[in-house]
Amino acid sequence: MLDLIIIGGGPAGISAGVYAARKRLKSIVIAEEVGGQSTVSEGIENWIGTEKIAGSDLAKSLRTHLNAYKGEVVELLEGDRVDTLEKVDGGFAVFTREGKTVTARAVLIASGANRRKLDIPGADLFEHKGLTYCASCDGPLFADQDVAVVGGGNAGLETAAQLLAYCKTVTLIHRHDSFKGDAITAEKVLAHPNLIPLLDTEPIEVMGEKFVSGLMVRNMKTGETNSLPVTGVFVEVGVIPSTEFAKGVVELDAVGRVVTNPRDQKTSVEGIWAAGDATDELYHQNNIAAGDAVKALEDIYQWLMVKG
Ligand SMILES: Cc1cc2nc3c(=O)[nH]c(=O)nc-3n(C[C@H](O)[C@H](O)[C@H](O)COP(=O)(O)OP(=O)(O)OC[C@H]3O[C@@H](n4cnc5c(N)ncnc54)[C@H](O)[C@@H]3O)c2cc1C
């Protein structure tokens, strides 16, 4: 039986793997794909210590860092996926899609999340060509341009707030008749002179040739359609945590994120920790995922030492 199974190979999982190796914990990192969500990003400009790095290069550097310890105490199982997590005598077992069974005394869930995609014509075609799921990554590329934000919850409002700092106009589109986010943020964003609110409205098509040049929307009450001349579409319609295997094992919140104690990343089950976008952590960023995983590893190490 290993000391630790780390599920996920994004910034959280790889940080955990490096810390586990340095603490000489016999561990395995199981990752469907090393790098995590921002691998697709053309340029990450807030990974601390690196002015700008392509997502694919960040993935490479995470793999290289973990590989520096590979074989010694930590193993990397890449290209496989955890399907089931179970409690067993003395610890936990995971069963993978490729038929592997691994057991360990402790588990760290770092399986992240996927953005909920916009399911309308043109959305797939123009992804990374004007349509984006990450304002903090891509927002500055749209300085002085007219953009739209789809989603009227907190994420949509916060995205609009960020974009208002440098975009010419921000059209905020929401399906319902009032914005869902917290009142203070909504009030501040809606008071901005460059913010155009569009309630009771849904996007129906992303338009353009090579890049986005417009967004077709429909008023859900009148049925009237309208073409917005925007060059950027920022989608904030929620995230889907990758936590199916944890259902019925640890406590999940209403949207399936692992409920954790932010002091030490413990879950509702002794012996299982969670970090990064798979958790109910309020903010989702690479540095936060890595930091939370480090916090978890400190706690896991203490716990394993005390248990002996
Ligand atoms: C397009 C885009 C750009 C972004 N750009 C930035 C940015 O510039 N700066 C920033 O700070 N943040 C950015 N983010 C947010 C950032 O990527 C996330 O906050 C961060 O990746 C979370 O890290 P994580 O390790 O928790 O999870 P993830 O990055 O989601 O990684 C999850 C890992 O778990 C693996 N996995 C999932 N399920 C299983 C399973 N069942 N079994 C085994 N492995 C599994 C995945 O393959 C992956 O390795 C961006 C997000 C997106 C979508």
# chains A, B, ... in the order shown; residues from 1 in each chain; ligands from 1
>>> residues_around(residues="Val88 in chain A", least_positions_apart="6", cutoff="12 Å", atoms="only C-alpha atoms", output="list in words")
Met1, Val94, Thr101, Val102, Thr103, Ala104, Arg105, Ala106, Val249 and Gly271 of chain A
>>> residues_around(residues="Thr222 in chain A", least_positions_apart="5", cutoff="12 Å", atoms="only C-alpha atoms", output="ChimeraX atom specification")
/A:199-202,217
>>> write_last_selection(atoms="all heavy atoms", output="mmCIF file, in the first residue's frame")
data_model
loop_
_atom_site.group_PDB
_atom_site.id
_atom_site.type_symbol
_atom_site.label_atom_id
_atom_site.label_comp_id
_atom_site.auth_asym_id
_atom_site.auth_seq_id
_atom_site.Cartn_x
_atom_site.Cartn_y
_atom_site.Cartn_z
ATOM 1 N N LEU A 199 -30.909 41.947 -20.178
ATOM 2 C CA LEU A 199 -31.602 40.917 -19.396
ATOM 3 C C LEU A 199 -32.583 40.177 -20.300
ATOM 4 O O LEU A 199 -32.885 40.628 -21.413
ATOM 5 C CB LEU A 199 -32.314 41.561 -18.211
ATOM 6 C CG LEU A 199 -31.365 42.056 -17.106
ATOM 7 C CD1 LEU A 199 -32.082 42.958 -16.135
ATOM 8 C CD2 LEU A 199 -30.708 40.892 -16.379
ATOM 9 N N ASP A 200 -33.107 39.049 -19.804
ATOM 10 C CA ASP A 200 -34.069 38.228 -20.569
ATOM 11 C C ASP A 200 -33.540 37.921 -21.968
ATOM 12 O O ASP A 200 -34.306 37.848 -22.929
ATOM 13 C CB ASP A 200 -35.417 38.962 -20.711
ATOM 14 C CG ASP A 200 -36.097 39.146 -19.371
ATOM 15 O OD1 ASP A 200 -36.143 38.169 -18.609
ATOM 16 O OD2 ASP A 200 -36.554 40.268 -19.090
ATOM 17 N N THR A 201 -32.249 37.764 -22.070
ATOM 18 C CA THR A 201 -31.646 37.607 -23.400
ATOM 19 C C THR A 201 -30.735 36.388 -23.425
ATOM 20 O O THR A 201 -30.036 36.118 -22.446
ATOM 21 C CB THR A 201 -30.825 38.876 -23.742
ATOM 22 O OG1 THR A 201 -31.708 39.994 -23.693
ATOM 23 C CG2 THR A 201 -30.186 38.790 -25.110
ATOM 24 N N GLU A 202 -30.774 35.675 -24.549
ATOM 25 C CA GLU A 202 -29.858 34.535 -24.693
ATOM 26 C C GLU A 202 -29.078 34.669 -26.003
ATOM 27 O O GLU A 202 -29.614 35.169 -26.997
ATOM 28 C CB GLU A 202 -30.624 33.210 -24.665
ATOM 29 C CG GLU A 202 -31.625 33.064 -25.775
ATOM 30 C CD GLU A 202 -32.298 31.714 -25.791
ATOM 31 O OE1 GLU A 202 -31.983 30.855 -24.960
ATOM 32 O OE2 GLU A 202 -33.151 31.497 -26.674
ATOM 33 N N VAL A 217 -28.194 37.610 -30.621
ATOM 34 C CA VAL A 217 -28.907 37.334 -29.367
ATOM 35 C C VAL A 217 -30.417 37.404 -29.621
ATOM 36 O O VAL A 217 -30.866 38.007 -30.593
ATOM 37 C CB VAL A 217 -28.521 38.344 -28.253
ATOM 38 C CG1 VAL A 217 -27.060 38.199 -27.870
ATOM 39 C CG2 VAL A 217 -28.835 39.783 -28.650
#
>>> closest_residue(among="A:Ala274, A:Val82, A:Val40, A:Ala110", to="Gly9 in chain A", atoms="only C-alpha atoms")
A:Ala110
>>> select_by_dssp(residues="range 92-295 of chain A", states="alpha helix (DSSP H)", output="short mmCIF file (atom, residue, chain, number, x, y, z; two decimals) with N, CA and C atoms, in the first residue's frame")
data_model
loop_
_atom_site.label_atom_id
_atom_site.label_comp_id
_atom_site.auth_asym_id
_atom_site.auth_seq_id
_atom_site.Cartn_x
_atom_site.Cartn_y
_atom_site.Cartn_z
N ALA A 135 -11.39 35.25 -18.63
CA ALA A 135 -11.15 36.70 -18.78
C ALA A 135 -9.78 37.09 -18.24
N SER A 136 -9.37 36.49 -17.10
CA SER A 136 -8.08 36.92 -16.54
C SER A 136 -6.92 36.51 -17.44
N CYS A 137 -7.17 35.47 -18.31
CA CYS A 137 -6.09 35.04 -19.21
C CYS A 137 -6.10 35.89 -20.48
N ASP A 138 -7.27 36.04 -21.08
CA ASP A 138 -7.34 36.60 -22.43
C ASP A 138 -7.88 38.03 -22.49
N ASN A 154 -22.20 35.60 -10.35
CA ASN A 154 -21.02 36.30 -9.86
C ASN A 154 -19.86 36.26 -10.84
N ALA A 155 -19.66 35.08 -11.47
CA ALA A 155 -18.53 34.95 -12.40
C ALA A 155 -18.70 35.91 -13.57
N GLY A 156 -19.92 36.00 -14.09
CA GLY A 156 -20.19 36.92 -15.20
C GLY A 156 -19.97 38.36 -14.79
N LEU A 157 -20.46 38.70 -13.60
CA LEU A 157 -20.32 40.09 -13.12
C LEU A 157 -18.85 40.43 -12.89
N GLU A 158 -18.12 39.49 -12.29
CA GLU A 158 -16.69 39.76 -12.02
C GLU A 158 -15.90 39.85 -13.32
N THR A 159 -16.26 39.03 -14.29
CA THR A 159 -15.61 39.10 -15.60
C THR A 159 -15.88 40.47 -16.23
N ALA A 160 -17.13 40.90 -16.16
CA ALA A 160 -17.48 42.22 -16.71
C ALA A 160 -16.67 43.30 -15.99
N ALA A 161 -16.55 43.19 -14.67
CA ALA A 161 -15.81 44.20 -13.89
C ALA A 161 -14.36 44.28 -14.37
N GLN A 162 -13.75 43.11 -14.58
CA GLN A 162 -12.36 43.08 -15.07
C GLN A 162 -12.25 43.74 -16.43
N LEU A 163 -13.18 43.39 -17.33
CA LEU A 163 -13.10 43.87 -18.71
C LEU A 163 -13.38 45.37 -18.80
N LEU A 164 -14.22 45.87 -17.90
CA LEU A 164 -14.56 47.30 -17.94
C LEU A 164 -13.32 48.19 -17.72
N ALA A 183 -25.17 41.51 -4.56
CA ALA A 183 -25.73 42.85 -4.82
C ALA A 183 -24.64 43.93 -4.98
N ILE A 184 -23.60 43.86 -4.15
CA ILE A 184 -22.59 44.93 -4.19
C ILE A 184 -21.85 44.91 -5.53
N THR A 185 -21.46 43.70 -5.97
CA THR A 185 -20.75 43.60 -7.26
C THR A 185 -21.68 44.05 -8.38
N ALA A 186 -22.93 43.57 -8.35
CA ALA A 186 -23.88 43.92 -9.41
C ALA A 186 -24.05 45.43 -9.50
N GLU A 187 -24.25 46.05 -8.34
CA GLU A 187 -24.47 47.51 -8.31
C GLU A 187 -23.30 48.26 -8.93
N LYS A 188 -22.10 47.84 -8.53
CA LYS A 188 -20.89 48.53 -9.00
C LYS A 188 -20.72 48.36 -10.52
N VAL A 189 -20.90 47.13 -10.98
CA VAL A 189 -20.70 46.84 -12.40
C VAL A 189 -21.77 47.57 -13.23
N LEU A 190 -23.01 47.49 -12.77
CA LEU A 190 -24.12 48.06 -13.56
C LEU A 190 -24.06 49.59 -13.60
N ASN A 286 -4.45 29.04 -11.28
CA ASN A 286 -3.34 28.09 -11.19
C ASN A 286 -2.58 28.21 -9.88
N ASN A 287 -2.24 29.45 -9.50
CA ASN A 287 -1.45 29.64 -8.28
C ASN A 287 -2.21 29.18 -7.04
N ILE A 288 -3.52 29.39 -7.06
CA ILE A 288 -4.34 28.98 -5.90
C ILE A 288 -4.39 27.46 -5.82
N ALA A 289 -4.57 26.81 -6.98
CA ALA A 289 -4.63 25.34 -7.02
C ALA A 289 -3.32 24.76 -6.48
N ALA A 290 -2.20 25.34 -6.95
CA ALA A 290 -0.89 24.84 -6.51
C ALA A 290 -0.73 25.08 -5.00
N GLY A 291 -1.10 26.26 -4.55
CA GLY A 291 -0.95 26.59 -3.11
C GLY A 291 -1.81 25.71 -2.23
N ASP A 292 -3.04 25.49 -2.66
CA ASP A 292 -3.93 24.63 -1.86
C ASP A 292 -3.38 23.21 -1.77
N ALA A 293 -2.78 22.75 -2.86
CA ALA A 293 -2.23 21.39 -2.86
C ALA A 293 -1.03 21.31 -1.89
N VAL A 294 -0.25 22.37 -1.86
CA VAL A 294 0.90 22.39 -0.94
C VAL A 294 0.39 22.35 0.51
N LYS A 295 -0.66 23.14 0.76
CA LYS A 295 -1.26 23.16 2.10
C LYS A 295 -1.73 21.74 2.46
#
>>> residues_near_ligand(ligand="ligand 1", cutoff="7 Å", atoms="only C-alpha atoms and all ligand atoms", output="MDAnalysis selection string")
chainID A and resid 7:13 30:38 40:41 43:47 80:83 110:115 132:134 136:137 242:243 245 275:278 284:287 289:290
>>> select_by_dssp(residues="range 155-240 of chain A", states="strand (DSSP E)", output="PyMOL selection string")
chain A and resi 169-173+195-198+201-208+212-219+225-228+232-235+239-240
>>> residues_around(residues="Val269 in chain A", least_positions_apart="3", cutoff="12 Å", atoms="only C-alpha atoms", output="VMD selection string")
chain A and resid 86 to 87 91 to 92 106 to 109 246 248 to 252 258 to 261 265 to 266 272 to 274
>>> atom_distance(atom1="CA of Glu42 in chain A", atom2="CA of Val235 in chain A")
17.3 Å
>>> residues_around(residues="Lys129 in chain A", least_positions_apart="4", cutoff="12 Å", atoms="only C-alpha atoms", output="PyMOL selection string")
chain A and resi 41-42+122-125+133+138+141-142+206-213+231-234
